[in-house]
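S.K.: Just so it is clear, I am handing over my_file-v5.csv, which has CSV, C-alpha atoms and all ligand atoms.
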```
chain,number,residue,atom,x,y,z
A,1036,MET,CA,0.0,0.0,0.0
A,1037,THR,CA,1.1,3.5,-0.7
A,1038,VAL,CA,-0.3,7.0,-1.0
A,1039,THR,CA,-0.5,9.1,-4.2
A,1040,LEU,CA,-2.0,12.4,-5.5
A,1041,ALA,CA,-5.1,11.3,-7.5
A,1042,GLY,CA,-6.2,14.7,-8.8
A,1043,ALA,CA,-5.9,18.5,-8.6
A,1044,GLY,CA,-8.0,21.6,-9.2
A,1045,ALA,CA,-7.5,25.3,-9.2
A,1046,ALA,CA,-9.8,28.3,-8.8
A,1047,LEU,CA,-8.7,32.0,-9.2
A,1048,PRO,CA,-10.7,35.2,-8.7
A,1049,GLU,CA,-11.6,36.9,-12.0
A,1050,ARG,CA,-9.9,40.3,-11.3
A,1051,VAL,CA,-6.4,40.5,-12.7
A,1052,LEU,CA,-3.9,43.1,-11.4
A,1053,SER,CA,-0.8,43.6,-13.6
A,1054,ASN,CA,2.5,45.1,-12.4
A,1055,HIS,CA,1.4,48.4,-14.0
A,1056,ASP,CA,-1.4,48.7,-11.5
A,1057,PHE,CA,1.2,49.3,-8.8
A,1058,VAL,CA,3.2,52.2,-10.3
A,1059,HIS,CA,1.6,54.6,-7.9
A,1060,LEU,CA,3.7,52.8,-5.2
A,1061,ASP,CA,7.0,54.0,-6.8
A,1062,THR,CA,7.7,50.7,-8.3
A,1063,SER,CA,7.8,49.4,-11.9
A,1064,ASP,CA,7.0,46.4,-14.1
A,1065,GLU,CA,10.8,46.0,-14.7
A,1066,TRP,CA,11.7,46.0,-11.0
A,1067,ILE,CA,9.0,43.5,-10.1
A,1068,VAL,CA,9.8,41.1,-13.0
A,1069,GLN,CA,13.5,41.2,-12.5
A,1070,ARG,CA,13.4,40.7,-8.7
A,1071,THR,CA,10.5,38.2,-8.5
A,1072,GLY,CA,9.4,36.9,-11.9
A,1073,ILE,CA,5.8,38.1,-11.1
A,1074,ARG,CA,3.8,39.7,-13.9
A,1075,GLU,CA,0.3,39.6,-12.6
A,1076,ARG,CA,-1.8,38.4,-9.6
A,1077,ARG,CA,-5.5,37.8,-8.9
A,1078,ARG,CA,-7.6,39.8,-6.4
A,1079,LEU,CA,-10.7,38.5,-4.6
A,1080,ALA,CA,-13.5,41.1,-4.3
A,1081,ALA,CA,-13.8,42.5,-0.8
A,1082,ASP,CA,-17.2,41.1,-0.2
A,1083,ALA,CA,-16.5,37.7,-1.9
A,1084,SER,CA,-16.4,34.3,-0.1
A,1085,LEU,CA,-13.0,32.6,0.0
A,1086,ALA,CA,-14.8,29.3,0.9
A,1087,GLU,CA,-16.8,29.6,-2.3
A,1088,LEU,CA,-13.6,29.9,-4.3
A,1089,ALA,CA,-12.0,27.0,-2.4
A,1090,THR,CA,-15.1,24.9,-3.1
A,1091,ASP,CA,-14.6,25.4,-6.8
A,1092,ALA,CA,-11.0,24.3,-6.5
A,1093,CYS,CA,-12.0,21.2,-4.5
A,1094,GLY,CA,-14.8,20.3,-6.9
A,1095,ARG,CA,-12.3,20.4,-9.8
A,1096,ALA,CA,-9.8,18.3,-7.8
A,1097,LEU,CA,-12.6,15.7,-7.2
A,1098,ALA,CA,-13.6,15.7,-10.8
A,1099,ASP,CA,-9.9,15.3,-11.9
A,1100,SER,CA,-9.4,12.4,-9.5
A,1101,GLY,CA,-12.7,10.5,-10.3
A,1102,VAL,CA,-13.2,10.0,-6.5
A,1103,ALA,CA,-16.8,10.5,-5.5
A,1104,PRO,CA,-17.6,13.0,-2.6
A,1105,ARG,CA,-19.1,10.1,-0.6
A,1106,ASP,CA,-15.6,8.4,-0.6
A,1107,ILE,CA,-13.8,11.4,1.0
A,1108,HIS,CA,-13.2,10.7,4.7
A,1109,GLN,CA,-11.4,13.9,5.7
A,1110,VAL,CA,-11.2,17.5,4.4
A,1111,VAL,CA,-8.2,19.7,5.5
A,1112,VAL,CA,-7.8,23.3,4.4
A,1113,ALA,CA,-4.6,25.2,4.8
A,1114,THR,CA,-5.2,29.0,5.2
A,1115,SER,CA,-4.3,32.1,7.1
A,1116,THR,CA,-7.1,34.3,5.7
A,1117,ALA,CA,-10.3,32.3,6.3
A,1118,ASP,CA,-13.7,34.1,6.0
A,1119,ARG,CA,-14.3,33.7,9.7
A,1120,ILE,CA,-12.2,32.7,12.7
A,1121,SER,CA,-14.3,29.7,13.6
A,1122,PRO,CA,-15.5,27.2,12.4
A,1123,GLY,CA,-12.8,26.5,9.8
A,1124,MET,CA,-13.6,26.6,6.1
A,1125,ALA,CA,-13.2,22.9,5.7
A,1126,VAL,CA,-16.6,22.2,7.3
A,1127,GLU,CA,-18.3,24.6,4.9
A,1128,ILE,CA,-16.5,23.3,1.8
A,1129,ALA,CA,-17.4,19.7,2.7
A,1130,THR,CA,-21.0,20.6,3.0
A,1131,ARG,CA,-21.1,22.6,-0.2
A,1132,LEU,CA,-19.6,19.6,-2.0
A,1133,GLY,CA,-22.0,17.1,-0.4
A,1134,ILE,CA,-19.3,15.2,1.4
A,1135,ASP,CA,-21.1,13.3,4.2
A,1136,ARG,CA,-19.9,14.3,7.7
A,1137,PRO,CA,-16.1,14.0,7.2
A,1138,ALA,CA,-13.4,14.9,9.8
A,1139,ALA,CA,-12.9,18.5,8.6
A,1140,PHE,CA,-10.5,21.2,9.9
A,1141,ASP,CA,-8.3,24.1,9.0
A,1142,VAL,CA,-4.5,24.3,9.4
A,1143,SER,CA,-2.5,27.6,9.8
A,1144,ALA,CA,1.2,27.2,9.2
A,1145,GLY,CA,2.0,30.2,6.9
A,1146,CYS,CA,3.1,29.4,3.3
A,1147,SER,CA,4.0,25.8,4.5
A,1148,GLY,CA,0.4,25.1,5.5
A,1149,PHE,CA,-0.4,23.0,2.5
A,1150,LEU,CA,2.5,20.6,3.1
A,1151,TYR,CA,1.5,20.3,6.8
A,1152,ALA,CA,-2.1,19.5,5.7
A,1153,LEU,CA,-0.8,17.0,3.0
A,1154,ASP,CA,1.5,15.3,5.5
A,1155,HIS,CA,-1.5,14.8,7.8
A,1156,ALA,CA,-3.5,13.4,4.9
A,1157,ILE,CA,-0.8,10.9,4.1
A,1158,ALA,CA,-0.5,9.8,7.8
A,1159,ALA,CA,-4.3,9.3,8.0
A,1160,ILE,CA,-4.3,7.1,4.9
A,1161,GLU,CA,-1.2,5.1,6.0
A,1162,SER,CA,-2.7,4.5,9.4
A,1163,GLY,CA,-5.9,3.1,7.8
A,1164,ARG,CA,-8.1,5.9,9.2
A,1165,ALA,CA,-9.0,7.2,5.7
A,1166,ASP,CA,-8.9,6.0,2.0
A,1167,HIS,CA,-9.2,9.4,0.4
A,1168,VAL,CA,-8.5,12.9,1.8
A,1169,LEU,CA,-9.3,16.2,0.2
A,1170,VAL,CA,-6.5,18.8,0.9
A,1171,CYS,CA,-7.0,22.4,-0.1
A,1172,GLY,CA,-4.9,25.6,0.2
A,1173,ALA,CA,-6.9,28.8,-0.1
A,1174,GLU,CA,-5.9,32.4,0.6
A,1175,ALA,CA,-7.2,35.9,0.2
A,1176,LEU,CA,-3.9,37.6,1.1
A,1177,SER,CA,-5.4,40.9,-0.1
A,1178,ARG,CA,-7.2,40.9,3.3
A,1179,ILE,CA,-3.9,41.1,5.2
A,1180,THR,CA,-1.9,43.2,2.6
A,1181,ASP,CA,-0.8,46.7,3.4
A,1182,HIS,CA,-1.8,48.1,0.0
A,1183,THR,CA,0.4,51.2,0.5
A,1184,ASP,CA,3.6,49.1,1.0
A,1185,ARG,CA,5.6,48.3,-2.2
A,1186,ASN,CA,7.8,45.8,-0.3
A,1187,THR,CA,4.8,43.4,0.1
A,1188,ALA,CA,1.8,44.6,-2.0
A,1189,VAL,CA,3.4,43.6,-5.3
A,1190,LEU,CA,4.3,40.1,-4.1
A,1191,LEU,CA,0.9,38.7,-2.9
A,1192,GLY,CA,-2.1,37.2,-4.7
A,1193,ASP,CA,-5.4,35.4,-4.0
A,1194,GLY,CA,-6.4,32.0,-5.1
A,1195,ALA,CA,-7.2,28.4,-4.2
A,1196,GLY,CA,-5.9,25.0,-5.1
A,1197,ALA,CA,-6.8,21.5,-4.0
A,1198,VAL,CA,-5.7,17.9,-4.4
A,1199,VAL,CA,-7.3,14.5,-3.7
A,1200,VAL,CA,-4.9,12.2,-1.7
A,1201,SER,CA,-5.6,8.5,-2.2
A,1202,ARG,CA,-4.6,5.0,-1.0
A,1203,ALA,CA,-2.9,3.2,-3.9
A,1204,GLU,CA,-1.3,-0.2,-4.5
A,1205,GLY,CA,2.5,-0.4,-4.8
A,1206,GLY,CA,4.9,2.3,-5.9
A,1207,LEU,CA,7.0,4.9,-4.1
A,1208,ARG,CA,6.1,5.6,-0.5
A,1209,PRO,CA,5.8,9.3,0.3
A,1210,SER,CA,8.7,10.9,2.2
A,1211,PHE,CA,8.0,14.1,4.1
A,1212,VAL,CA,9.8,16.4,6.6
A,1213,LEU,CA,8.3,19.4,8.3
A,1214,GLY,CA,9.8,21.9,10.8
A,1215,SER,CA,9.7,25.3,12.4
A,1216,ASP,CA,11.8,27.9,14.2
A,1217,GLY,CA,10.0,30.3,16.4
A,1218,THR,CA,13.1,32.4,17.0
A,1219,ARG,CA,12.5,34.0,13.7
A,1220,ILE,CA,8.9,35.1,14.0
A,1221,ASP,CA,10.0,38.7,13.4
A,1222,LEU,CA,11.0,37.9,9.8
A,1223,LEU,CA,7.4,37.5,8.6
A,1224,HIS,CA,4.2,37.9,10.6
A,1225,VAL,CA,0.7,39.4,10.8
A,1226,GLN,CA,0.4,41.5,14.0
A,1227,GLN,CA,-2.5,43.2,15.7
A,1228,ASP,CA,-2.9,45.7,12.8
A,1229,LYS,CA,-3.8,42.6,10.8
A,1230,LEU,CA,-1.3,43.4,8.0
A,1231,LEU,CA,1.6,41.3,6.8
A,1232,ARG,CA,5.1,42.6,7.5
A,1233,MET,CA,8.3,40.9,6.4
A,1234,ARG,CA,12.1,41.3,6.1
A,1235,GLY,CA,12.4,40.1,2.5
A,1236,ARG,CA,16.1,39.8,1.9
A,1237,GLU,CA,16.6,37.7,5.1
A,1238,ILE,CA,13.7,35.5,4.2
A,1239,PHE,CA,15.2,35.0,0.7
A,1240,GLU,CA,18.4,33.5,2.1
A,1241,SER,CA,16.7,31.3,4.6
A,1242,ALA,CA,14.2,30.1,2.0
A,1243,VAL,CA,16.8,28.8,-0.3
A,1244,ASP,CA,18.7,27.0,2.4
A,1245,LEU,CA,15.5,25.5,4.0
A,1246,MET,CA,13.9,24.3,0.7
A,1247,ALA,CA,17.1,22.9,-0.8
A,1248,GLY,CA,18.3,21.3,2.4
A,1249,HIS,CA,15.0,19.6,3.3
A,1250,THR,CA,14.4,18.5,-0.3
A,1251,GLU,CA,17.8,16.8,-0.2
A,1252,LEU,CA,16.8,15.1,3.0
A,1253,VAL,CA,13.5,13.7,1.8
A,1254,LEU,CA,15.2,12.5,-1.4
A,1255,GLU,CA,17.9,10.7,0.6
A,1256,ARG,CA,15.2,9.1,2.9
A,1257,ALA,CA,13.3,7.9,-0.2
A,1258,GLY,CA,16.6,6.5,-1.7
A,1259,LEU,CA,16.4,8.8,-4.7
A,1260,GLY,CA,18.7,11.3,-6.4
A,1261,ALA,CA,17.5,14.6,-7.8
A,1262,GLU,CA,17.5,13.1,-11.3
A,1263,ALA,CA,14.5,10.9,-10.2
A,1264,LEU,CA,12.3,14.0,-9.9
A,1265,ASP,CA,9.9,14.3,-12.9
A,1266,LEU,CA,8.7,17.7,-11.6
A,1267,PHE,CA,9.9,20.0,-8.8
A,1268,VAL,CA,7.0,22.1,-7.4
A,1269,ALA,CA,8.1,24.7,-4.8
A,1270,HIS,CA,6.2,27.4,-3.0
A,1271,GLN,CA,5.8,30.1,-5.6
A,1272,ALA,CA,7.1,33.2,-3.8
A,1273,ASN,CA,9.8,34.3,-6.1
A,1274,ALA,CA,11.2,32.8,-9.3
A,1275,ARG,CA,14.8,33.7,-8.3
A,1276,ILE,CA,14.4,31.7,-5.0
A,1277,ILE,CA,13.0,28.7,-6.9
A,1278,HIS,CA,15.9,28.8,-9.5
A,1279,ALA,CA,18.5,29.1,-6.7
A,1280,VAL,CA,17.0,26.0,-5.0
A,1281,ARG,CA,16.9,24.0,-8.2
A,1282,ARG,CA,20.6,24.9,-8.9
A,1283,ARG,CA,21.5,23.7,-5.4
A,1284,LEU,CA,19.6,20.4,-6.0
A,1285,GLY,CA,20.9,19.9,-9.6
A,1286,VAL,CA,17.4,19.8,-11.1
A,1287,PRO,CA,17.3,20.9,-14.7
A,1288,ALA,CA,15.1,24.0,-15.4
A,1289,GLU,CA,12.7,22.1,-17.6
A,1290,ARG,CA,11.7,19.9,-14.6
A,1291,VAL,CA,10.8,22.9,-12.4
A,1292,PHE,CA,7.3,24.2,-12.5
A,1293,LEU,CA,6.7,28.0,-12.3
A,1294,ASN,CA,3.4,29.9,-12.3
A,1295,VAL,CA,4.5,32.7,-10.0
A,1296,ASP,CA,4.4,35.0,-13.1
A,1297,LYS,CA,0.6,34.5,-13.3
A,1298,VAL,CA,-0.5,34.2,-9.7
A,1299,ALA,CA,2.3,35.7,-7.5
A,1300,ASN,CA,2.6,34.5,-3.9
A,1301,THR,CA,-0.6,32.8,-2.8
A,1302,SER,CA,0.9,31.3,0.4
A,1303,SER,CA,-0.9,28.1,1.3
A,1304,ALA,CA,-2.7,28.0,-2.1
A,1305,SER,CA,0.6,28.1,-4.0
A,1306,ILE,CA,1.6,24.5,-4.3
A,1307,PRO,CA,-1.8,23.0,-5.0
A,1308,LEU,CA,-2.5,25.8,-7.6
A,1309,ALA,CA,0.9,24.9,-9.2
A,1310,LEU,CA,0.0,21.2,-9.3
A,1311,ALA,CA,-3.4,21.9,-10.9
A,1312,HIS,CA,-1.8,24.2,-13.5
A,1313,ALA,CA,0.9,21.6,-14.2
A,1314,GLY,CA,-1.9,19.0,-14.7
A,1315,GLU,CA,-3.7,21.4,-17.1
A,1316,GLN,CA,-0.4,21.7,-19.1
A,1317,GLN,CA,-0.1,17.8,-19.3
A,1318,LEU,CA,3.0,17.8,-17.1
A,1319,LEU,CA,1.7,15.1,-14.8
A,1320,HIS,CA,1.5,11.5,-15.7
A,1321,PRO,CA,0.5,8.5,-13.5
A,1322,GLY,CA,3.6,7.5,-11.5
A,1323,ALA,CA,5.4,10.9,-12.0
A,1324,VAL,CA,7.7,11.5,-9.0
A,1325,LEU,CA,7.1,15.0,-7.6
A,1326,GLY,CA,9.4,17.0,-5.3
A,1327,LEU,CA,7.5,19.5,-3.2
A,1328,ALA,CA,9.1,22.3,-1.0
A,1329,ALA,CA,7.8,25.3,1.0
A,1330,PHE,CA,8.8,27.8,3.6
A,1331,GLY,CA,6.9,30.6,5.2
A,1332,ALA,CA,5.9,32.5,8.4
A,1333,GLY,CA,7.2,30.9,11.6
A,1334,LEU,CA,9.6,30.4,10.2
A,1335,SER,CA,8.0,27.1,9.0
A,1336,TRP,CA,9.1,24.7,6.3
A,1337,GLY,CA,8.3,21.5,4.6
A,1338,ALA,CA,9.5,19.2,1.8
A,1339,GLY,CA,8.2,16.0,0.4
A,1340,VAL,CA,8.4,13.4,-2.4
A,1341,ILE,CA,5.2,11.8,-3.6
A,1342,THR,CA,4.0,10.3,-6.8
A,1343,TRP,CA,1.1,11.5,-9.0
B,1401,LIG,N1,9.7,48.3,-6.2
B,1401,LIG,C1,10.8,49.0,-6.2
B,1401,LIG,N2,11.7,48.9,-5.2
B,1401,LIG,C2,11.4,48.1,-4.2
B,1401,LIG,C3,10.2,47.3,-4.2
B,1401,LIG,C4,9.3,47.5,-5.3
B,1401,LIG,N3,8.2,46.8,-5.3
B,1401,LIG,N4,10.2,46.6,-3.0
B,1401,LIG,C5,11.3,46.8,-2.4
B,1401,LIG,N5,12.0,47.7,-3.0
B,1401,LIG,C6,13.3,48.3,-2.7
B,1401,LIG,C7,13.5,48.4,-1.2
B,1401,LIG,O1,12.9,49.6,-0.6
B,1401,LIG,C8,15.0,48.4,-1.0
B,1401,LIG,O2,15.4,49.7,-1.3
B,1401,LIG,P1,16.7,50.3,-0.5
B,1401,LIG,O3,17.9,49.4,-0.9
B,1401,LIG,O4,16.8,51.7,-1.0
B,1401,LIG,O5,16.3,50.2,1.0
B,1401,LIG,C9,15.4,47.5,-2.2
B,1401,LIG,O6,14.3,47.5,-3.1
B,1401,LIG,C10,15.6,46.1,-1.7
B,1401,LIG,O7,16.5,45.5,-2.6
B,1401,LIG,P2,17.0,44.0,-2.4
B,1401,LIG,O8,17.1,43.7,-0.9
B,1401,LIG,O9,18.2,43.9,-3.2
B,1401,LIG,O10,15.8,43.3,-3.0
B,1401,LIG,P3,15.8,41.7,-3.3
B,1401,LIG,O11,16.5,41.4,-4.5
B,1401,LIG,O12,16.1,41.0,-2.1
B,1401,LIG,O13,14.2,41.6,-3.6
B,1401,LIG,C11,12.3,40.7,-2.5
B,1401,LIG,C12,13.3,41.9,-2.6
B,1401,LIG,C13,11.6,40.6,-3.8
B,1401,LIG,C14,11.3,41.1,-1.4
B,1401,LIG,C15,13.1,39.4,-2.2
B,1401,LIG,O14,13.9,39.6,-1.1
B,1401,LIG,C16,12.1,38.3,-1.8
B,1401,LIG,O15,11.4,37.8,-2.7
B,1401,LIG,N6,12.2,37.8,-0.6
B,1401,LIG,C17,11.4,36.7,-0.1
B,1401,LIG,C18,10.0,37.2,0.1
B,1401,LIG,C19,9.2,36.0,0.5
B,1401,LIG,O16,9.3,35.0,-0.1
B,1401,LIG,N7,8.4,36.2,1.5
B,1401,LIG,C20,7.7,35.1,2.1
B,1401,LIG,C21,6.5,35.0,1.6
B,1401,LIG,S1,5.3,36.2,2.0
B,1401,LIG,C22,4.1,35.2,2.7
B,1401,LIG,O17,4.4,34.4,3.3
B,1401,LIG,C23,2.7,35.4,2.3
```
Give the structure from the file, written as structure tokens.
M.R.:
Amino acid sequence: MTVTLAGAGAALPERVLSNHDFVHLDTSDEWIVQRTGIRERRRLAADASLAELATDACGRALADSGVAPRDIHQVVVATSTADRISPGMAVEIATRLGIDRPAAFDVSAGCSGFLYALDHAIAAIESGRADHVLVCGAEALSRITDHTDRNTAVLLGDGAGAVVVSRAEGGLRPSFVLGSDGTRIDLLHVQQDKLLRMRGREIFESAVDLMAGHTELVLERAGLGAEALDLFVAHQANARIIHAVRRRLGVPAERVFLNVDKVANTSSASIPLALAHAGEQQLLHPGAVLGLAAFGAGLSWGAGVITW
């Protein structure tokens, strides 16, 4: 018995903001593209429901996997920007999709949240408590963005992505590692004013070390080399960070997935959105070995190897 990703789905708000929409903040398309690779991002309307957007992503992941809602035993949503503080969005999404009374809860672990949720799903299936788990990452980062701060406003986007995690026969066993370091809370946090603050350059350096080092660790534990990766899907914060990580790992550029140009940094939604977009581009085939890596507020981090 092993555990695989059986399907993925994405949902983005309709409103597109290009880099030119930020020139009033004393920035430019050239600066943003050169430093981050970002060209545009999506923005959820102020009165819109994030749970509704997340439900669309989850519905598409279910359709892609062929797993029926009645066969989903757990729903886990990674988010830091839910519509309400309690209950979590997972309960609402499950009901909207007609999933019958699953274990359902939200996870908050910054941009690493999706990998924390995915690790839980794998453990639930490996222990026999579930056959299929729906894992979603959904964020409306515009709710916690200081729209007057060019250091952060240009980097962030809204969106939702989801995967169905399923029991399977044979094949590669997933290998995951998660961690955190609370001595570096000041690098990236949302405080009482409810706005995101960060020290970008210091995060950049930590991000490369954390994602490269932990991806090497999960590959080693799985008995694989970097050449075994069919696709490397890292948290889409900055194209330069991702390329620095792939160079450290020795993964060729054509095996690295990038959609940060289109969606910017969507925190917990980033990796499932990337997986769904990779699927739409026919980059995922049954048995494909995927390397996943994330870092974010905490600091927190995670890396994993799992098959499609
Ligand atoms: N336009 C123009 N100038 C800008 C902008 C902007 N949008 N933003 C910052 N600058 C300026 C700063 O004011 C600073 O100016 P100064 O030197 O006069 O003080 C300068 O650019 C900073 O330059 P660098 O430090 O060389 O910029 P760097 O190449 O590191 O790029 C960036 C900055 C894009 C923030 C990068 O460090 C980064 O991506 N860091 C990681 C960010 C991240 O991933 N955060 C975590 C995710 S956020 C979340 O979790 C939701």
S.K.: Which residues are near ligand LIG 1401 (chain B) - at most 6 Å, using only C-alpha atoms and all ligand atoms? Format: as a PDB file with C-alpha atoms, keeping the file's coordinate frame.
M.R.:
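Output (result-v8.pdb):
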```pdb
ATOM      1  CA  THR A1062       7.700  50.700  -8.300  1.00  0.00           C
ATOM      2  CA  TRP A1066      11.700  46.000 -11.000  1.00  0.00           C
ATOM      3  CA  ILE A1067       9.000  43.500 -10.100  1.00  0.00           C
ATOM      4  CA  ARG A1070      13.400  40.700  -8.700  1.00  0.00           C
ATOM      5  CA  THR A1071      10.500  38.200  -8.500  1.00  0.00           C
ATOM      6  CA  CYS A1146       3.100  29.400   3.300  1.00  0.00           C
ATOM      7  CA  ARG A1185       5.600  48.300  -2.200  1.00  0.00           C
ATOM      8  CA  ASN A1186       7.800  45.800  -0.300  1.00  0.00           C
ATOM      9  CA  VAL A1189       3.400  43.600  -5.300  1.00  0.00           C
ATOM     10  CA  GLY A1235      12.400  40.100   2.500  1.00  0.00           C
ATOM     11  CA  ARG A1236      16.100  39.800   1.900  1.00  0.00           C
ATOM     12  CA  ILE A1238      13.700  35.500   4.200  1.00  0.00           C
ATOM     13  CA  PHE A1239      15.200  35.000   0.700  1.00  0.00           C
ATOM     14  CA  ALA A1272       7.100  33.200  -3.800  1.00  0.00           C
ATOM     15  CA  ASN A1273       9.800  34.300  -6.100  1.00  0.00           C
ATOM     16  CA  SER A1302       0.900  31.300   0.400  1.00  0.00           C
ATOM     17  CA  GLY A1331       6.900  30.600   5.200  1.00  0.00           C
ATOM     18  CA  ALA A1332       5.900  32.500   8.400  1.00  0.00           C
TER      19      ALA A1332
END
```
S.K.: I need the residue nearest Ala1080 of chain A from this list: A:Val1051, A:Val1268, A:Val1038, A:Val1340. Use only C-alpha atoms for the distance.
M.R.: A:Val1051
S.K.: Please compute the atom CA of Ala1188 of chain A-atom CA of Val1111 of chain A distance, one decimal, in Å.
M.R.: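 Separation of atom CA of Ala1188 of chain A and atom CA of Val1111 of chain A: 27.9 Å.
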S.K.: Would you please work out which residue, of A:Leu1231, A:Leu1176, A:Ala1279, A:Ile1073, is nearest to Val1291 of chain A when using only C-alpha atoms?
M.R.: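 Using only C-alpha atoms, the shortest distance to Val1291 of chain A belongs to A:Ala1279.
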S.K.: Which is closest to His1312 of chain A among A:His1167, A:Arg1105, A:Arg1095, A:His1278, if we use all atoms listed in the file?
M.R.: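 Residue with the minimum atom-to-atom distance to His1312 of chain A: A:Arg1095.
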S.K.: Using all atoms listed in the file, what residues lie at most 12 Å away from (-2.1, 40.5, -3.4) (file coordinates), given as a ChimeraX atom specification?
M.R.: /A:1048,1050-1054,1056-1057,1073,1075-1080,1174-1194,1230-1231,1272,1297-1302
S.K.: Name the residues in contact with Gln1317 of chain A at a cut-off of 12 Å, using only C-alpha atoms, excluding same-chain residues fewer than 5 positions from it; report them as number ranges by chain.
M.R.: A: 1266, 1292, 1310-1312, 1323
S.K.: Which value, in Å to one decimal, gives the distance between atom CA of His1270 of chain A and atom CA of His1249 of chain A?
M.R.: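 Distance between the two atoms: 13.3 Å.
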S.K.: So, counting all atoms listed in the file, which residue among A:Ile1120, A:Leu1169, A:Ala1274, A:Cys1093 is closest to Ala1138 of chain A?
M.R.: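 Counting all atoms listed in the file, the residue closest to Ala1138 of chain A is A:Leu1169.
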S.K.: Could you give me, as number ranges by chain, the residues within 9 Å of Arg1281 of chain A, counting only C-alpha atoms and dropping anything in the same chain fewer than 6 positions from it?
M.R.: A: 1247, 1267, 1287-1288, 1291
S.K.: Using C-alpha atoms, can you write the selected residues to a file as an mmCIF file, in the frame of the given file?
M.R.:
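Dumped to selection30.cif:
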```cif
data_model
loop_
_atom_site.group_PDB
_atom_site.id
_atom_site.type_symbol
_atom_site.label_atom_id
_atom_site.label_comp_id
_atom_site.auth_asym_id
_atom_site.auth_seq_id
_atom_site.Cartn_x
_atom_site.Cartn_y
_atom_site.Cartn_z
ATOM 1 C CA ALA A 1247 17.100 22.900 -0.800
ATOM 2 C CA PHE A 1267 9.900 20.000 -8.800
ATOM 3 C CA PRO A 1287 17.300 20.900 -14.700
ATOM 4 C CA ALA A 1288 15.100 24.000 -15.400
ATOM 5 C CA VAL A 1291 10.800 22.900 -12.400
#
```
S.K.: Quick one: pull the distance between atom CA of Leu1319 of chain A and atom CA of Glu1251 of chain A, Å, one decimal.
M.R.: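 Going from atom CA of Leu1319 of chain A over to atom CA of Glu1251 of chain A, I get 21.8 Å.
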S.K.: If we count only C-alpha atoms and set the cut-off at 12 Å, which residues sit around Ser1162 of chain A, ignoring sequence neighbours fewer than 3 positions away in its own chain? Please answer as number ranges by chain.
M.R.: A: 1036-1038, 1155-1159, 1165-1166, 1202
S.K.: Could the residues in this selection be saved with C-alpha atoms as a short mmCIF file (atom, residue, chain, number, x, y, z; two decimals), in the coordinates of the input?
M.R.:
```cif
data_model
loop_
_atom_site.label_atom_id
_atom_site.label_comp_id
_atom_site.auth_asym_id
_atom_site.auth_seq_id
_atom_site.Cartn_x
_atom_site.Cartn_y
_atom_site.Cartn_z
CA MET A 1036 0.00 0.00 0.00
CA THR A 1037 1.10 3.50 -0.70
CA VAL A 1038 -0.30 7.00 -1.00
CA HIS A 1155 -1.50 14.80 7.80
CA ALA A 1156 -3.50 13.40 4.90
CA ILE A 1157 -0.80 10.90 4.10
CA ALA A 1158 -0.50 9.80 7.80
CA ALA A 1159 -4.30 9.30 8.00
CA ALA A 1165 -9.00 7.20 5.70
CA ASP A 1166 -8.90 6.00 2.00
CA ARG A 1202 -4.60 5.00 -1.00
#
```
S.K.: Filtering to N, CA and C atoms, could segment 1314-1324 of chain A of the supplied structure be written out as a PDB file, in the first residue's frame?
M.R.:
```
ATOM      1  N   GLY A1314      -0.970  20.046 -14.126  1.00  0.00           N
ATOM      2  CA  GLY A1314      -1.861  19.033 -14.705  1.00  0.00           C
ATOM      3  C   GLY A1314      -2.529  19.536 -15.974  1.00  0.00           C
ATOM      4  N   GLU A1315      -3.008  20.788 -15.921  1.00  0.00           N
ATOM      5  CA  GLU A1315      -3.660  21.372 -17.119  1.00  0.00           C
ATOM      6  C   GLU A1315      -2.688  21.431 -18.295  1.00  0.00           C
ATOM      7  N   GLN A1316      -1.386  21.582 -17.988  1.00  0.00           N
ATOM      8  CA  GLN A1316      -0.369  21.650 -19.060  1.00  0.00           C
ATOM      9  C   GLN A1316       0.187  20.268 -19.421  1.00  0.00           C
ATOM     10  N   GLN A1317      -0.511  19.225 -18.977  1.00  0.00           N
ATOM     11  CA  GLN A1317      -0.135  17.825 -19.288  1.00  0.00           C
ATOM     12  C   GLN A1317       1.274  17.486 -18.796  1.00  0.00           C
ATOM     13  N   LEU A1318       1.686  18.076 -17.663  1.00  0.00           N
ATOM     14  CA  LEU A1318       3.035  17.805 -17.148  1.00  0.00           C
ATOM     15  C   LEU A1318       3.038  16.694 -16.097  1.00  0.00           C
ATOM     16  N   LEU A1319       1.831  16.182 -15.761  1.00  0.00           N
ATOM     17  CA  LEU A1319       1.748  15.128 -14.756  1.00  0.00           C
ATOM     18  C   LEU A1319       1.235  13.852 -15.411  1.00  0.00           C
ATOM     19  N   HIS A1320       1.941  12.749 -15.196  1.00  0.00           N
ATOM     20  CA  HIS A1320       1.473  11.465 -15.724  1.00  0.00           C
ATOM     21  C   HIS A1320       1.452  10.475 -14.569  1.00  0.00           C
ATOM     22  N   PRO A1321       0.621   9.439 -14.634  1.00  0.00           N
ATOM     23  CA  PRO A1321       0.543   8.495 -13.517  1.00  0.00           C
ATOM     24  C   PRO A1321       1.926   7.945 -13.178  1.00  0.00           C
ATOM     25  N   GLY A1322       2.284   7.996 -11.915  1.00  0.00           N
ATOM     26  CA  GLY A1322       3.591   7.502 -11.469  1.00  0.00           C
ATOM     27  C   GLY A1322       4.667   8.575 -11.457  1.00  0.00           C
ATOM     28  N   ALA A1323       4.361   9.785 -11.946  1.00  0.00           N
ATOM     29  CA  ALA A1323       5.366  10.865 -11.962  1.00  0.00           C
ATOM     30  C   ALA A1323       5.838  11.140 -10.528  1.00  0.00           C
ATOM     31  N   VAL A1324       7.156  11.257 -10.362  1.00  0.00           N
ATOM     32  CA  VAL A1324       7.726  11.533  -9.032  1.00  0.00           C
ATOM     33  C   VAL A1324       7.827  13.049  -8.864  1.00  0.00           C
TER      34      VAL A1324
END
```
